[in-house]
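*Asks:* File follows, data.csv with CSV, C-alpha atoms:
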chain,number,residue,atom,x,y,z
A,1,MET,CA,80.2,83.2,151.8
A,2,ILE,CA,83.3,85.0,150.4
A,3,ILE,CA,82.7,86.7,147.0
A,4,VAL,CA,85.6,88.1,145.0
A,5,SER,CA,84.2,90.7,142.6
A,6,LEU,CA,86.3,91.7,139.6
A,7,SER,CA,85.8,94.9,137.6
A,8,SER,CA,87.9,97.0,135.3
A,9,CYS,CA,85.6,99.9,136.0
A,10,TYR,CA,85.6,101.0,139.6
A,11,PRO,CA,86.2,104.3,141.6
A,12,SER,CA,89.8,105.1,142.3
A,13,PRO,CA,91.8,108.1,143.4
A,14,GLU,CA,92.6,108.8,139.7
A,15,ARG,CA,89.0,108.2,138.4
A,16,PRO,CA,86.7,108.8,141.4
A,17,ARG,CA,83.5,108.8,139.4
A,18,ALA,CA,84.2,105.6,137.4
A,19,GLY,CA,82.0,102.6,138.2
A,20,LEU,CA,80.0,104.1,141.1
A,21,PHE,CA,77.1,101.8,140.2
A,22,VAL,CA,79.4,98.8,140.7
A,23,ARG,CA,80.6,100.0,144.1
A,24,ALA,CA,77.0,100.8,145.2
A,25,ARG,CA,75.9,97.3,144.5
A,26,LEU,CA,78.9,95.7,146.1
A,27,ARG,CA,78.5,97.8,149.2
A,28,ALA,CA,74.9,96.7,149.5
A,29,VAL,CA,75.8,93.0,149.0
A,30,ALA,CA,78.6,93.4,151.6
A,31,LYS,CA,75.9,94.1,154.2
A,32,THR,CA,75.2,90.4,154.3
A,33,GLU,CA,78.2,88.7,152.6
A,34,HIS,CA,81.9,89.0,152.7
A,35,VAL,CA,83.1,90.8,149.6
A,36,ARG,CA,86.6,91.5,148.3
A,37,VAL,CA,86.9,93.8,145.2
A,38,VAL,CA,89.6,93.3,142.6
A,39,HIS,CA,89.9,96.4,140.5
A,40,VAL,CA,91.9,95.6,137.4
A,41,VAL,CA,93.7,98.7,136.2
A,42,PRO,CA,94.9,98.8,132.6
A,43,THR,CA,98.5,100.1,132.5
A,44,PRO,CA,100.3,100.9,129.2
A,45,ILE,CA,103.2,98.5,128.7
A,46,TRP,CA,105.7,101.4,128.4
A,47,LYS,CA,104.9,102.6,131.9
A,48,PRO,CA,106.5,101.0,135.1
A,49,ARG,CA,104.1,98.4,136.4
A,50,PRO,CA,103.1,99.3,140.0
A,51,PRO,CA,102.7,96.7,142.7
A,52,VAL,CA,99.3,95.4,143.7
A,53,ARG,CA,97.9,97.7,146.3
A,54,VAL,CA,95.1,97.3,148.8
A,55,ASP,CA,92.8,100.1,149.8
A,56,ASP,CA,91.8,98.5,153.1
A,57,ASP,CA,90.0,101.6,154.2
A,58,GLU,CA,87.5,101.2,151.4
A,59,ARG,CA,84.3,99.3,152.0
A,60,PRO,CA,84.4,96.7,150.7
A,61,PRO,CA,88.2,96.5,150.6
A,62,VAL,CA,89.8,96.9,147.1
A,63,TRP,CA,92.8,95.2,145.6
A,64,ARG,CA,94.1,97.3,142.7
A,65,VAL,CA,95.9,95.0,140.2
A,66,PRO,CA,97.8,96.5,137.3
A,67,MET,CA,97.2,94.9,133.9
A,68,PRO,CA,99.7,95.6,131.1
A,69,TYR,CA,98.2,96.4,127.8
A,70,LEU,CA,99.0,98.1,124.5
A,71,PRO,CA,96.4,100.8,123.8
A,72,GLY,CA,94.5,100.3,120.6
A,73,MET,CA,96.3,97.1,119.7
A,74,ALA,CA,95.5,94.3,122.2
A,75,GLY,CA,91.7,94.4,122.3
A,76,PRO,CA,91.1,90.7,121.7
A,77,TRP,CA,93.9,89.8,124.1
A,78,ASN,CA,92.7,91.9,127.0
A,79,PRO,CA,90.9,89.0,128.8
A,80,VAL,CA,94.1,86.9,128.6
A,81,LEU,CA,96.2,89.8,130.0
A,82,TYR,CA,93.5,90.5,132.6
A,83,ALA,CA,93.4,86.8,133.8
A,84,ARG,CA,97.2,86.6,133.8
A,85,ALA,CA,97.5,89.7,136.0
A,86,VAL,CA,95.0,88.6,138.5
A,87,MET,CA,95.8,84.8,138.6
A,88,PRO,CA,98.5,84.9,141.4
A,89,LEU,CA,96.1,86.7,143.8
A,90,ILE,CA,93.2,84.3,143.0
A,91,ARG,CA,95.3,81.2,143.2
A,92,SER,CA,96.6,82.4,146.6
A,93,TRP,CA,93.2,82.9,148.0
A,94,THR,CA,91.9,79.7,146.5
A,95,ALA,CA,94.7,77.7,148.1
A,96,ARG,CA,93.8,79.1,151.5
A,97,GLY,CA,90.1,78.3,151.0
A,98,GLU,CA,89.1,82.0,150.9
A,99,ILE,CA,86.9,82.2,147.8
A,100,ASP,CA,83.4,80.8,147.3
A,101,LEU,CA,82.5,82.6,144.1
A,102,LEU,CA,84.0,84.8,141.4
A,103,ASP,CA,81.8,87.7,140.4
A,104,ALA,CA,82.5,89.6,137.0
A,105,HIS,CA,80.8,92.9,136.4
A,106,PHE,CA,80.9,93.2,132.7
A,107,SER,CA,80.8,90.7,129.8
A,108,TRP,CA,84.0,92.1,128.2
A,109,PRO,CA,86.8,91.9,129.2
A,110,ASP,CA,85.8,90.9,132.8
A,111,GLY,CA,83.4,88.1,132.1
A,112,VAL,CA,85.7,86.3,129.6
A,113,ALA,CA,88.7,86.8,131.9
A,114,VAL,CA,86.9,85.5,134.9
A,115,ALA,CA,85.8,82.4,133.0
A,116,ARG,CA,89.5,81.7,132.4
A,117,LEU,CA,90.2,82.2,136.2
A,118,ALA,CA,87.4,79.8,137.0
A,119,ALA,CA,88.6,77.2,134.6
A,120,ALA,CA,92.1,77.3,136.2
A,121,THR,CA,90.8,77.2,139.8
A,122,GLY,CA,87.6,75.2,139.7
A,123,LEU,CA,85.6,78.1,141.2
A,124,PRO,CA,82.1,78.9,140.2
A,125,PHE,CA,81.5,82.4,138.7
A,126,VAL,CA,78.7,84.8,137.9
A,127,VAL,CA,78.7,87.5,135.1
A,128,THR,CA,76.7,90.7,135.2
A,129,LEU,CA,75.7,92.1,131.8
A,130,ARG,CA,75.7,95.8,131.3
A,131,GLY,CA,75.7,98.3,128.5
A,132,VAL,CA,78.8,97.1,126.7
A,133,LEU,CA,77.2,93.8,125.7
A,134,PRO,CA,75.2,95.0,122.6
A,135,ARG,CA,78.4,96.5,121.1
A,136,CYS,CA,80.7,93.6,121.9
A,137,SER,CA,78.2,91.0,120.8
A,138,ARG,CA,78.3,92.5,117.3
A,139,GLN,CA,82.1,92.1,117.1
A,140,TRP,CA,83.0,88.5,116.0
A,141,LEU,CA,86.3,88.5,117.9
A,142,LYS,CA,84.5,89.2,121.1
A,143,ARG,CA,81.1,87.5,120.6
A,144,GLY,CA,82.4,83.9,120.7
A,145,PRO,CA,84.4,84.2,123.9
A,146,ILE,CA,81.6,86.1,125.6
A,147,VAL,CA,79.0,83.4,124.6
A,148,ARG,CA,81.3,80.6,125.8
A,149,ALA,CA,81.9,82.4,129.1
A,150,LEU,CA,78.1,82.9,129.7
A,151,ARG,CA,77.4,79.3,128.9
A,152,ARG,CA,79.9,78.2,131.6
A,153,ALA,CA,78.7,80.8,134.2
A,154,ALA,CA,76.8,79.4,137.2
A,155,ALA,CA,74.4,82.3,136.8
A,156,VAL,CA,74.0,85.5,134.7
A,157,ILE,CA,72.7,88.8,135.9
A,158,ALA,CA,71.3,91.3,133.4
A,159,VAL,CA,70.5,94.8,134.4
A,160,SER,CA,67.6,95.1,132.0
A,161,ASP,CA,65.0,92.9,130.2
A,162,SER,CA,66.5,94.1,126.9
A,163,LEU,CA,69.9,92.7,127.8
A,164,LYS,CA,68.2,89.4,128.8
A,165,ARG,CA,66.5,89.2,125.4
A,166,LEU,CA,69.8,89.8,123.7
A,167,THR,CA,71.5,87.2,125.8
A,168,VAL,CA,68.8,84.6,125.1
A,169,GLY,CA,69.3,85.4,121.4
A,170,LEU,CA,73.0,84.5,121.9
A,171,GLY,CA,71.9,81.0,122.9
A,172,ILE,CA,72.0,81.3,126.7
A,173,ASP,CA,69.4,79.4,128.8
A,174,PRO,CA,66.9,82.0,129.9
A,175,ALA,CA,66.3,80.1,133.2
A,176,ARG,CA,69.9,81.1,134.2
A,177,ILE,CA,69.5,84.8,133.5
A,178,HIS,CA,68.3,87.0,136.4
A,179,VAL,CA,67.1,90.5,135.7
A,180,LEU,CA,68.3,92.9,138.5
A,181,PRO,CA,68.1,96.6,137.4
A,182,ASN,CA,70.3,99.1,139.1
A,183,GLY,CA,69.1,101.1,142.2
A,184,VAL,CA,69.4,104.6,143.5
A,185,ASP,CA,70.5,106.2,146.8
A,186,ALA,CA,67.0,107.2,147.9
A,187,ASP,CA,68.4,109.4,150.7
A,188,VAL,CA,70.1,111.6,148.1
A,189,PHE,CA,67.9,111.4,145.0
A,190,GLN,CA,64.4,112.4,146.0
A,191,PRO,CA,61.9,115.1,145.0
A,192,GLY,CA,62.7,118.5,146.4
A,193,ASP,CA,61.6,122.1,146.2
A,194,ARG,CA,62.4,123.5,142.8
A,195,SER,CA,62.7,127.1,143.7
A,196,ALA,CA,64.9,126.3,146.7
A,197,ALA,CA,67.2,124.2,144.6
A,198,ARG,CA,67.5,127.0,142.0
A,199,ALA,CA,68.2,129.5,144.7
A,200,ALA,CA,71.0,127.3,146.0
A,201,LEU,CA,72.5,127.0,142.6
A,202,GLY,CA,72.1,130.6,141.7
A,203,ARG,CA,69.6,130.0,138.9
A,204,SER,CA,66.4,132.0,138.2
A,205,ASP,CA,62.9,130.6,138.5
A,206,ASP,CA,62.3,132.2,135.0
A,207,GLU,CA,64.7,129.8,133.3
A,208,THR,CA,63.7,126.6,131.6
A,209,ILE,CA,66.5,124.2,132.5
A,210,LEU,CA,67.3,121.0,130.5
A,211,VAL,CA,69.7,118.7,132.3
A,212,THR,CA,71.9,115.8,131.1
A,213,VAL,CA,74.1,113.7,133.4
A,214,GLY,CA,76.8,111.4,132.0
A,215,HIS,CA,80.3,111.0,130.8
A,216,LEU,CA,81.2,113.3,128.0
A,217,CYS,CA,81.5,110.7,125.2
A,218,PRO,CA,79.8,110.4,121.8
A,219,ARG,CA,77.5,107.6,123.1
A,220,LYS,CA,75.7,109.8,125.6
A,221,GLY,CA,74.4,112.1,122.8
A,222,VAL,CA,75.1,115.6,124.3
A,223,GLN,CA,76.1,116.7,120.7
A,224,HIS,CA,72.5,115.9,119.6
A,225,VAL,CA,71.0,118.2,122.2
A,226,LEU,CA,73.5,121.0,121.2
A,227,GLU,CA,72.4,120.5,117.6
A,228,ILE,CA,68.7,121.2,118.3
A,229,LEU,CA,69.3,123.8,121.0
A,230,PRO,CA,69.6,126.9,118.8
A,231,ARG,CA,66.1,126.2,117.4
A,232,LEU,CA,64.7,125.6,120.9
A,233,VAL,CA,66.2,128.9,122.1
A,234,ARG,CA,64.9,130.9,119.2
A,235,ARG,CA,61.3,129.8,120.0
A,236,MET,CA,61.8,129.8,123.8
A,237,PRO,CA,64.5,132.2,124.9
A,238,ALA,CA,64.4,131.1,128.5
A,239,VAL,CA,65.8,127.7,127.7
A,240,ARG,CA,69.1,126.8,129.3
A,241,TYR,CA,71.1,123.6,129.2
A,242,VAL,CA,73.2,122.1,132.0
A,243,VAL,CA,75.6,119.2,131.2
A,244,ILE,CA,77.0,117.4,134.2
A,245,GLY,CA,79.9,115.0,133.8
A,246,ASP,CA,83.5,114.8,132.4
A,247,ASP,CA,85.5,112.7,130.1
A,248,GLY,CA,85.3,109.0,131.0
A,249,ALA,CA,87.2,105.9,129.9
A,250,GLU,CA,85.5,106.0,126.5
A,251,ARG,CA,86.7,108.4,123.8
A,252,PRO,CA,87.2,111.8,125.5
A,253,TYR,CA,84.7,114.2,124.0
A,254,GLY,CA,84.4,117.2,126.3
A,255,ALA,CA,86.6,119.5,124.4
A,256,ALA,CA,84.7,118.8,121.1
A,257,LEU,CA,81.4,119.5,122.8
A,258,ARG,CA,82.6,122.8,124.2
A,259,ARG,CA,83.8,123.8,120.7
A,260,GLN,CA,80.4,122.8,119.2
A,261,SER,CA,78.7,124.9,121.9
A,262,ARG,CA,80.9,127.9,121.2
A,263,ARG,CA,80.5,127.7,117.4
A,264,ALA,CA,76.8,127.6,117.8
A,265,GLY,CA,76.9,130.7,119.9
A,266,LEU,CA,75.6,128.9,123.0
A,267,ASP,CA,78.1,130.1,125.6
A,268,ARG,CA,75.3,132.0,127.4
A,269,ILE,CA,72.9,129.0,127.2
A,270,VAL,CA,75.0,126.0,128.0
A,271,THR,CA,76.8,125.2,131.3
A,272,PHE,CA,79.3,122.4,131.6
A,273,THR,CA,79.7,121.7,135.3
A,274,GLY,CA,82.2,118.9,135.1
A,275,ALA,CA,81.8,115.9,137.4
A,276,LEU,CA,79.8,116.6,140.6
A,277,PRO,CA,79.2,114.6,143.7
A,278,PRO,CA,75.8,112.9,144.1
A,279,ASP,CA,74.2,115.5,146.4
A,280,GLU,CA,75.0,118.3,143.9
A,281,ILE,CA,73.7,116.2,141.0
A,282,ALA,CA,70.5,115.7,142.9
A,283,LYS,CA,70.2,119.4,143.5
A,284,TRP,CA,70.4,120.1,139.7
A,285,LEU,CA,67.8,117.4,139.0
A,286,GLN,CA,65.5,119.0,141.6
A,287,ALA,CA,66.1,122.4,139.9
A,288,GLY,CA,65.6,121.2,136.4
A,289,ASP,CA,62.5,121.2,134.0
A,290,VAL,CA,63.5,118.3,131.7
A,291,PHE,CA,66.1,115.5,131.8
A,292,VAL,CA,67.4,114.8,128.3
A,293,LEU,CA,69.4,111.7,127.4
A,294,PRO,CA,69.6,110.9,123.6
A,295,THR,CA,72.1,108.1,124.2
A,296,ARG,CA,73.1,105.5,121.7
A,297,ASN,CA,73.0,102.5,124.0
A,298,GLU,CA,72.6,101.7,127.7
A,299,GLY,CA,72.2,98.8,130.0
A,300,CYS,CA,70.3,100.3,133.0
A,301,CYS,CA,71.3,104.0,133.0
A,302,ASN,CA,71.8,105.2,136.5
A,303,ALA,CA,71.3,108.9,135.6
A,304,LEU,CA,67.8,108.0,134.3
A,305,CYS,CA,67.1,106.1,137.5
A,306,GLU,CA,68.1,109.1,139.5
A,307,ALA,CA,66.1,111.6,137.4
A,308,ALA,CA,63.1,109.4,137.7
A,309,ALA,CA,63.6,109.1,141.5
A,310,VAL,CA,63.6,112.9,141.8
A,311,GLY,CA,60.5,113.1,139.7
A,312,LEU,CA,62.0,115.1,136.8
A,313,PRO,CA,60.2,114.7,133.4
A,314,ILE,CA,62.4,112.7,131.0
A,315,VAL,CA,63.2,112.7,127.3
A,316,CYS,CA,65.3,109.7,126.3
A,317,THR,CA,66.0,107.4,123.4
A,318,ASP,CA,64.5,104.0,122.9
A,319,VAL,CA,67.7,102.0,123.4
A,320,GLY,CA,68.7,99.3,125.9
A,321,GLY,CA,66.8,99.4,129.2
A,322,ASN,CA,65.8,103.1,128.9
A,323,ARG,CA,62.1,102.4,128.3
A,324,GLU,CA,62.0,100.0,131.3
A,325,VAL,CA,63.6,102.7,133.6
A,326,VAL,CA,61.1,105.5,132.7
A,327,ALA,CA,58.0,103.3,132.7
A,328,GLY,CA,55.4,104.9,135.0
A,329,HIS,CA,57.2,108.3,135.0
A,330,ARG,CA,56.4,111.4,133.0
A,331,SER,CA,58.5,110.7,129.9
A,332,ILE,CA,58.8,110.7,126.1
A,333,VAL,CA,60.9,108.0,124.5
A,334,VAL,CA,62.1,108.8,121.0
A,335,PRO,CA,64.0,106.8,118.3
A,336,PHE,CA,67.8,107.1,118.4
A,337,GLY,CA,69.2,109.3,115.7
A,338,ASP,CA,66.1,111.3,115.0
A,339,PRO,CA,66.8,115.0,115.8
A,340,VAL,CA,63.2,116.0,114.7
A,341,ALA,CA,61.7,113.6,117.2
A,342,LEU,CA,64.1,114.8,119.9
A,343,GLU,CA,63.3,118.4,119.3
A,344,ARG,CA,59.6,117.8,119.3
A,345,ALA,CA,59.8,115.8,122.5
A,346,CYS,CA,61.8,118.5,124.3
A,347,THR,CA,59.4,121.2,123.0
A,348,ALA,CA,56.4,119.2,124.3
A,349,MET,CA,57.9,118.8,127.7
A,350,ILE,CA,58.8,122.5,127.9
A,351,GLU,CA,55.4,123.7,126.8
A,352,THR,CA,53.6,121.5,129.3
A,353,PRO,CA,55.6,122.0,132.4
A,354,ASP,CA,54.8,119.8,135.5
A,355,HIS,CA,56.8,121.1,138.4
A,356,GLY,CA,54.8,119.0,140.7
A,357,SER,CA,55.7,115.8,138.9
A,358,VAL,CA,55.5,112.9,141.3
A,359,VAL,CA,57.3,109.5,141.4
A,360,THR,CA,54.7,107.0,140.4
A,361,ASN,CA,56.8,103.9,140.8
A,362,ALA,CA,58.4,102.8,144.1
A,363,VAL,CA,62.0,103.8,144.1
A,364,ARG,CA,64.3,100.9,143.8
A,365,THR,CA,67.2,101.3,146.3
A,366,TRP,CA,70.7,99.8,146.3
A,367,ASP,CA,69.7,97.9,149.4
A,368,ASP,CA,67.0,96.2,147.4
A,369,VAL,CA,69.5,95.4,144.7
A,370,GLY,CA,72.0,94.1,147.2
A,371,ARG,CA,69.5,91.7,148.8
A,372,GLU,CA,68.4,90.4,145.4
A,373,THR,CA,71.9,90.0,144.2
A,374,ALA,CA,73.0,88.1,147.3
A,375,VAL,CA,70.2,85.6,146.7
A,376,VAL,CA,71.4,84.9,143.2
A,377,LEU,CA,75.0,84.6,144.3
A,378,ARG,CA,74.2,82.2,147.1
A,379,SER,CA,72.1,80.1,144.7
A,380,ALA,CA,75.0,80.0,142.2
A,381,VAL,CA,77.3,78.7,144.9
A,382,ALA,CA,74.7,76.1,146.0
A,383,ALA,CA,74.1,75.0,142.4
A,384,ALA,CA,77.9,74.8,141.8
A,385,GLY,CA,78.2,72.5,144.8
A,386,THR,CA,76.2,69.8,143.0
A,387,ASP,CA,77.7,70.6,139.6
A,388,SER,CA,81.2,70.3,138.2
A,389,PHE,CA,82.4,73.3,140.2
A,390,HIS,CA,83.7,73.2,143.7
A,391,SER,CA,83.6,75.7,146.6
A,392,THR,CA,85.9,75.4,149.5
A,393,PRO,CA,84.9,76.5,153.1
A,394,ALA,CA,85.2,80.2,153.5
A,395,ARG,CA,87.5,81.9,155.9
A,396,ARG,CA,87.4,85.6,156.5
A,397,TRP,CA,90.3,87.8,155.3
A,398,THR,CA,92.2,89.1,158.3
A,399,GLY,CA,95.0,91.1,156.7
A,400,PRO,CA,96.8,92.1,153.6
A,401,MET,CA,98.4,89.7,151.2
A,402,PRO,CA,102.1,89.2,151.8
A,403,GLY,CA,104.1,91.5,149.6
A,404,VAL,CA,101.1,93.7,148.9
A,405,THR,CA,101.3,97.4,149.6
A,406,VAL,CA,98.4,98.6,151.9
A,407,GLY,CA,96.8,101.9,151.3
A,408,ALA,CA,96.9,103.3,147.8
A,409,PRO,CA,98.0,106.9,147.5
A,410,ARG,CA,95.3,109.5,147.6
Could the structure of this file be written out as structure tokens, please?
*Replies:*
Amino acid sequence: MIIVSLSSCYPSPERPRAGLFVRARLRAVAKTEHVRVVHVVPTPIWKPRPPVRVDDDERPPVWRVPMPYLPGMAGPWNPVLYARAVMPLIRSWTARGEIDLLDAHFSWPDGVAVARLAAATGLPFVVTLRGVLPRCSRQWLKRGPIVRALRRAAAVIAVSDSLKRLTVGLGIDPARIHVLPNGVDADVFQPGDRSAARAALGRSDDETILVTVGHLCPRKGVQHVLEILPRLVRRMPAVRYVVIGDDGAERPYGAALRRQSRRAGLDRIVTFTGALPPDEIAKWLQAGDVFVLPTRNEGCCNALCEAAAVGLPIVCTDVGGNREVVAGHRSIVVPFGDPVALERACTAMIETPDHGSVVTNAVRTWDDVGRETAVVLRSAVAAAGTDSFHSTPARRWTGPMPGVTVGAPR
């Protein structure tokens, strides 16, 4: 079976930390299926449009397709521009019988765009629902196209029960929605010796370290931790706060957070590490005392999954799939937007340390996710064969598309 997976959020030389969870799942699926990735790259219309490039040394291989857009102006038109940019590649593969299934990794714009591609080619498609759905489903210009796309999809994958409930509320048949939460790399994110981790990071055993991992955007809530931090430090002077991540595709916020920290006199207390590779993130989680994530919304937050896999006590907000992720782990879940509850939860975790915290749930790995996802995708192709869709016999890709530049610059 040849699966063409499309995503506007995927690791690239320019944004190496973007969409790591998408790549992790696709690499796991590719262990049993043939996967091609189409990374749609928004490109402002005033910039020269680069050619389609293939990163054939990536696994799975990635076609990077530029999509012209007008920042801040063309939101409702993005699925149309997305589908138009990708259509020549999809039509070429379809004509050669080299696609069995289209696989969209977000509801907007990917899911809506892929529904257009499917309508033009007769291919079945699957949509994965992630954290953008709650916001997009409240916007009337996006809600209708999303619902129509999900109704036409051969199957829908939700990364949390909360997203499934939301989708059922939009009128989608619950029997077609499969809940497949994200996984973790269990070889990297596992319990470790706290003192050894601190020694490796140059931190003292006397410190009480709070850790947040995520893009520096308002949604992740680092500003709320900085708001309560002066009060925590006055009562518990050993408290330190480590923020791991950098500006992402959402509204850049790192500079504002650093200004907030400076104005509050927290330069000695707060460390902004920037983006780190997974093994260094795992080291900080092993060294930490409490993982804090007062986020506004999530689908299935990978940082929470990783903190839970390490065994780090967690304070998080009751949004999206957060409660599902931390179930069975030492955690306190607080309402979003309640700084008093957030401060009390952090205080309670700090005052009752548990450096021997154990993982009480079996760790869900990306290989687990890949196997489960492959089952859903195969079922979608089989169901489409008896439905109004069609799937042509698959042939393996044996080289680059004519006229496509191989090997994106590094």
*Asks:* If we count all atoms listed in the file, what is near stretch 171-173 of chain A at a cut-off of 9 Å, once residues fewer than 3 positions away on the same chain are taken out, given as a list in words?
*Replies:*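 Everything that qualifies: Val147, Leu150, Arg151, Thr167, Val168, Arg176 and Ile177 of chain A.
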*Asks:* Of the residues A:Arg64, A:His178, A:His215, A:Arg91, which is the one nearest to A:Pro51, using only C-alpha atoms?
*Replies:* A:Arg64
*Asks:* Output as JSON lines one row per residue of stretch 122-154 of chain A within 10 Å of stretch 280-304 of chain A: the closest atom pair and its distance in Å to one decimal place, counting all atoms listed in the file, sorted by chain and residue number ascending.
*Replies:*
{"residue": "A:Leu129", "atom": "CA", "partner": "A:Gly299", "partner_atom": "CA", "distance": 7.8}
{"residue": "A:Arg130", "atom": "CA", "partner": "A:Gly299", "partner_atom": "CA", "distance": 4.8}
{"residue": "A:Gly131", "atom": "CA", "partner": "A:Gly299", "partner_atom": "CA", "distance": 3.8}
{"residue": "A:Val132", "atom": "CA", "partner": "A:Gly299", "partner_atom": "CA", "distance": 7.6}
{"residue": "A:Leu133", "atom": "CA", "partner": "A:Gly299", "partner_atom": "CA", "distance": 8.3}
{"residue": "A:Pro134", "atom": "CA", "partner": "A:Asn297", "partner_atom": "CA", "distance": 7.9}
{"residue": "A:Arg135", "atom": "CA", "partner": "A:Asn297", "partner_atom": "CA", "distance": 8.6}
*Asks:* If we count only C-alpha atoms, what is near A:Glu207 at a cut-off of 8 Å, once residues fewer than 3 positions away on the same chain are taken out, given as a list in words?
*Replies:*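 Those residues are Arg203, Ser204, Ala238, Val239 and Arg240 of chain A.
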*Asks:* Can you tell me, as a list in words, which residues sit within 10 Å of (68.1, 91.2, 145.2) in the file's frame, using all atoms listed in the file?
*Replies:* Arg25, Ala28, Val29, His178, Val179, Leu180, Pro181, Trp366, Asp367, Asp368, Val369, Gly370, Arg371, Glu372, Thr373, Ala374, Val375, Val376 and Leu377 of chain A
*Asks:* Restricting the calculation to all atoms listed in the file, which member of A:Cys136, A:Val184, A:Leu81, A:Ala155 is positioned closest to A:Ala380?
*Replies:*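 Result for the nearest residue to A:Ala380: A:Ala155.
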*Asks:* Quick one: residues within 10 Å of A:Cys9, all atoms listed in the file counted, chain neighbours fewer than 6 positions away excluded, as a list in words?
*Replies:* Arg15, Arg17, Ala18, Gly19, Leu20, Phe21, Val22, Arg23, His39, Val40, Val41, Pro42, His105, Phe106, Asp110 and Ala249 of chain A
*Asks:* With C-alpha atoms kept, could you save the residues just selected as a tab-separated table (two decimals), in the coordinates of the input?
*Replies:*
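To be explicit, this is the file written out as selection_35.tsv:
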chain	number	residue	atom	x	y	z
A	15	ARG	CA	89.00	108.20	138.40
A	17	ARG	CA	83.50	108.80	139.40
A	18	ALA	CA	84.20	105.60	137.40
A	19	GLY	CA	82.00	102.60	138.20
A	20	LEU	CA	80.00	104.10	141.10
A	21	PHE	CA	77.10	101.80	140.20
A	22	VAL	CA	79.40	98.80	140.70
A	23	ARG	CA	80.60	100.00	144.10
A	39	HIS	CA	89.90	96.40	140.50
A	40	VAL	CA	91.90	95.60	137.40
A	41	VAL	CA	93.70	98.70	136.20
A	42	PRO	CA	94.90	98.80	132.60
A	105	HIS	CA	80.80	92.90	136.40
A	106	PHE	CA	80.90	93.20	132.70
A	110	ASP	CA	85.80	90.90	132.80
A	249	ALA	CA	87.20	105.90	129.90
*Asks:* Go through A:Leu102, A:Leu70, A:Ile146, A:Leu232 and flag the residue nearest A:Val381, using only C-alpha atoms for the distances.
*Replies:*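 So, comparing all the options, the nearest one is A:Leu102.
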*Asks:* Distance atom CA of A:Gly248-atom CA of A:Tyr69, one decimal place?
*Replies:*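 The value is 18.3 Å.
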*Asks:* Mind giving me the straight-line distance from atom CA of A:Ala308 to atom CA of A:Pro230 in Å, one decimal?
*Replies:* 26.6 Å
*Asks:* Provide the atom CA of A:Arg165 to atom CA of A:Arg138 distance in Å, to one decimal place.
*Replies:*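 If I compute the distance from atom CA of A:Arg165 to atom CA of A:Arg138, I get 14.7 Å.
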*Asks:* Can you pull out every residue within 10 Å of A:Ala120, counting all atoms listed in the file, but drop anything in the same chain fewer than 2 positions away, and send it as a PyMOL selection string?
*Replies:* chain A and resi 83+87+90-91+114-118+122-123
*Asks:* Give the answer as one residue: which of A:Val363, A:Val310, A:Val156, A:Leu141 has the shortest atom-to-atom distance to A:Thr128, using all atoms listed in the file?
*Replies:* A:Val156
*Asks:* Find, counting all atoms listed in the file, the residue in A:Ala383, A:Leu201, A:Ile2, A:Cys305 that gets nearest to A:Asn182.
*Replies:*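 Closest candidate: A:Cys305.
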*Asks:* Which residues come within 6 Å of stretch 333-342 of chain A, counting all atoms listed in the file, excluding same-chain residues fewer than 2 positions away, as a PyMOL selection string?
*Replies:* chain A and resi 315-318+344-345
*Asks:* Those selected residues, please, written with C-alpha atoms and delivered as a CSV table (one decimal), in the frame of the given file.
*Replies:*
chain,number,residue,atom,x,y,z
A,315,VAL,CA,63.2,112.7,127.3
A,316,CYS,CA,65.3,109.7,126.3
A,317,THR,CA,66.0,107.4,123.4
A,318,ASP,CA,64.5,104.0,122.9
A,344,ARG,CA,59.6,117.8,119.3
A,345,ALA,CA,59.8,115.8,122.5
